[in-house]
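These notes are about the structure you will find just below.
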Amino acid sequence: MDIGKITTSALMVALFAGLGTAVVAQGQAQTASAAASTQALLQQFHSPDWHVRADAFYKLIGPLEDEPPNAVKLNHGKGIDPAIRHALIDLLSFEADVVAAKENAFSDAIAAHRTPDLMSEEQSDYWATLGQAVGGLHDPAALNVLLKPSVMHYGYNNISAIGDFGEPILPRLLLLYSSRRDDISRGYLMAVFAYMLKRGYVMNPQNLEKLRAMFLTISHDDDRGTRLLGLRGLSTFGDSESQARIREIATSDPYTFVTRQGQTVFPLRQQAELLLRRNTSAKSQ
C-alpha cells in the first residue's frame, strides 16, 4: 500500500469538499445580495420623487435593447416573484392617483386661464411603460388598477391585457361602461369589447346580443372615431342587420376627410368596404 498516494487522495478529497462548500457559500451570498438589492429597489417605489421610483422600476425590470423604446420583457408574468408582482401593481395604482391629480390640476388650470403643469416626455414614457408592464403580468389582481380612468386615459396599451381575462369579467365591464360618462373611458371599453369578440372570448348569447346592440347604436354616433369603433365591433357579427349597417356605412357615410392636397377621403367608407370584401372572400372559401 502506497501511503503517499492515500495521503494525496485524502488531501484532494478534502480540497474538493472545501471548494464545494465555498462555491455553495458563494452562491448563497450572491442570492442574499440579489435579494437585498431587489428589496432596496422595491423600497424606492415609495419615494415621493417620481425620478427615484422610475429609476428603481427600470433597474428592476430592465428595458430590452431589441424591442421598441421602453418595452419590457415580462414573459406574461411567468417566473416573477410574487412580491415583485404585487409591488408593480401597487406602484401603478400609486402612479395612477398621481396622474389623476395632474389631470384634475390641468382642468383647473385651463378653467382659471393658467398655464397647466404637464408631464414631461420622460415621465410620460415611464408611465406608459409601467402600465404596459403591469398589463403584461396578466394577473387578476391587476384588473382594478388597469380599469382606473387615469390608466385608461393614457393610451390603448392594455386593451388586450384586459380583454384576455375573457368573458367572466364582461358583466363588470358592461356595468363600468354604463357608469362611465367620459368619452375616453367608454371608447376604451368599446375597444376591449371589440377585441374580446374578435378573439372569440364571448360565447353567451345574451352577452353577444348586448354587445351587438351597443355596437349598432354607436355606429350612428356623431363622432367619427366612435362610429369606427361601432363598425369594428359589428364586423365580428354575421347577422343580416349588422351586415346591412356595414353596407350602409360603405355607401352613404356622410362624414369626409379632406387631405392637404384637396382630396376628399371617406375613411369609414373605406374601412366598411374592406370589411365587406373580407366577409365575401371568407364565405367563398
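Quick note on naming: the chains in the C-alpha cells go A, B, ... in the order shown, residues restart at 1 in each chain, and ligands are numbered from 1 in order of appearance.
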
Quiz prompt | All residues 6 Å or closer to region 157-173 of chain A, only C-alpha atoms, same chain fewer than 3 positions away omitted, as a list in words | solution =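 In the requested format, the answer is Gly135, Leu176, Val192, Met196, Tyr201 and Val202 of chain A.
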
Quiz prompt | Shell of 12 Å around region 179-189 of chain A, only C-alpha atoms, local chain residues under 3 positions omitted, as a ChimeraX atom specification | solution = /A:146-160,162-163,170,172-176,192-196,211,214-215,218,221,223-230,233

Quiz item: Mind checking DSSP for region 136-256 of chain A and telling me the helix (DSSP H, G or I) residues as a count of residues only?
Solution: 84

Quiz item: Which residues, written as a PyMOL selection string, have at least one atom at most 12 Å from Leu268 (chain A), with only C-alpha atoms counted and residues fewer than 5 positions away on the same chain left out?
Solution: chain A and resi 219-220+223-232+245-257+273-275

Practice problem: For Gln43 (chain A), list every protein, DNA or RNA residue within 10 Å, evaluated using only C-alpha atoms, and leave out those in the same chain fewer than 6 positions away; present the list as number ranges by chain. | Solution: A: 37, 53, 56, 87

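Rounded to one decimal, CA of Ala133 (chain A) and CA of Ser107 (chain A) lie 28.2 Å from each other.
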
Practice problem: Work out how far CA of Pro48 (chain A) is from CA of Pro82 (chain A), in Å to one decimal. | Solution: 23.9 Å

Using only C-alpha atoms, which protein or nucleic acid residues come within 12 Å of His46 (chain A)? Drop anything in the same chain fewer than 4 positions from it, and give the result as a JSON list (two decimals) with C-alpha atoms, in the first residue's frame.
[["chain", "number", "residue", "atom", "x", "y", "z"],
["A", 39, "GLN", "CA", -35.70, 44.72, -1.69],
["A", 40, "ALA", "CA", -33.89, 48.05, -1.81],
["A", 41, "LEU", "CA", -35.37, 48.79, -5.25],
["A", 42, "LEU", "CA", -38.86, 47.89, -4.06],
["A", 50, "TRP", "CA", -41.03, 60.06, -9.33],
["A", 51, "HIS", "CA", -37.48, 60.07, -10.73],
["A", 52, "VAL", "CA", -36.42, 57.69, -7.95],
["A", 53, "ARG", "CA", -39.46, 55.50, -8.49],
["A", 54, "ALA", "CA", -38.85, 55.36, -12.23],
["A", 56, "ALA", "CA", -35.96, 51.69, -9.44],
["A", 57, "PHE", "CA", -38.60, 50.39, -11.85],
["A", 87, "ALA", "CA", -45.13, 45.77, -5.84],
["A", 88, "LEU", "CA", -45.54, 46.59, -9.55],
["A", 90, "ASP", "CA", -49.18, 48.80, -6.18],
["A", 91, "LEU", "CA", -46.77, 51.14, -7.97],
["A", 92, "LEU", "CA", -49.12, 51.52, -10.94],
["A", 93, "SER", "CA", -52.01, 52.19, -8.56],
["A", 94, "PHE", "CA", -49.99, 54.91, -6.84],
["A", 95, "GLU", "CA", -48.89, 56.46, -10.13]]

Practice problem: Identify which of the residues A:Ala101, A:Leu208, A:Asp239, A:Asp55 lies closest to Glu122 (chain A), counting only C-alpha atoms when measuring atom-to-atom distances. | Solution: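 Of the candidates, the smallest distance to Glu122 (chain A) is held by A:Asp55.
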
Quiz item: Could you work out how far CA of Met203 (chain A) lies from CA of Pro140 (chain A), giving the answer in Å with one decimal?
Solution: 20.7 Å

Quiz prompt | Residue among A:Ser178, A:Gln44, A:Asn207, A:Ser235 lying closest to Arg277 (chain A), counting only C-alpha atoms | solution = A:Ser235
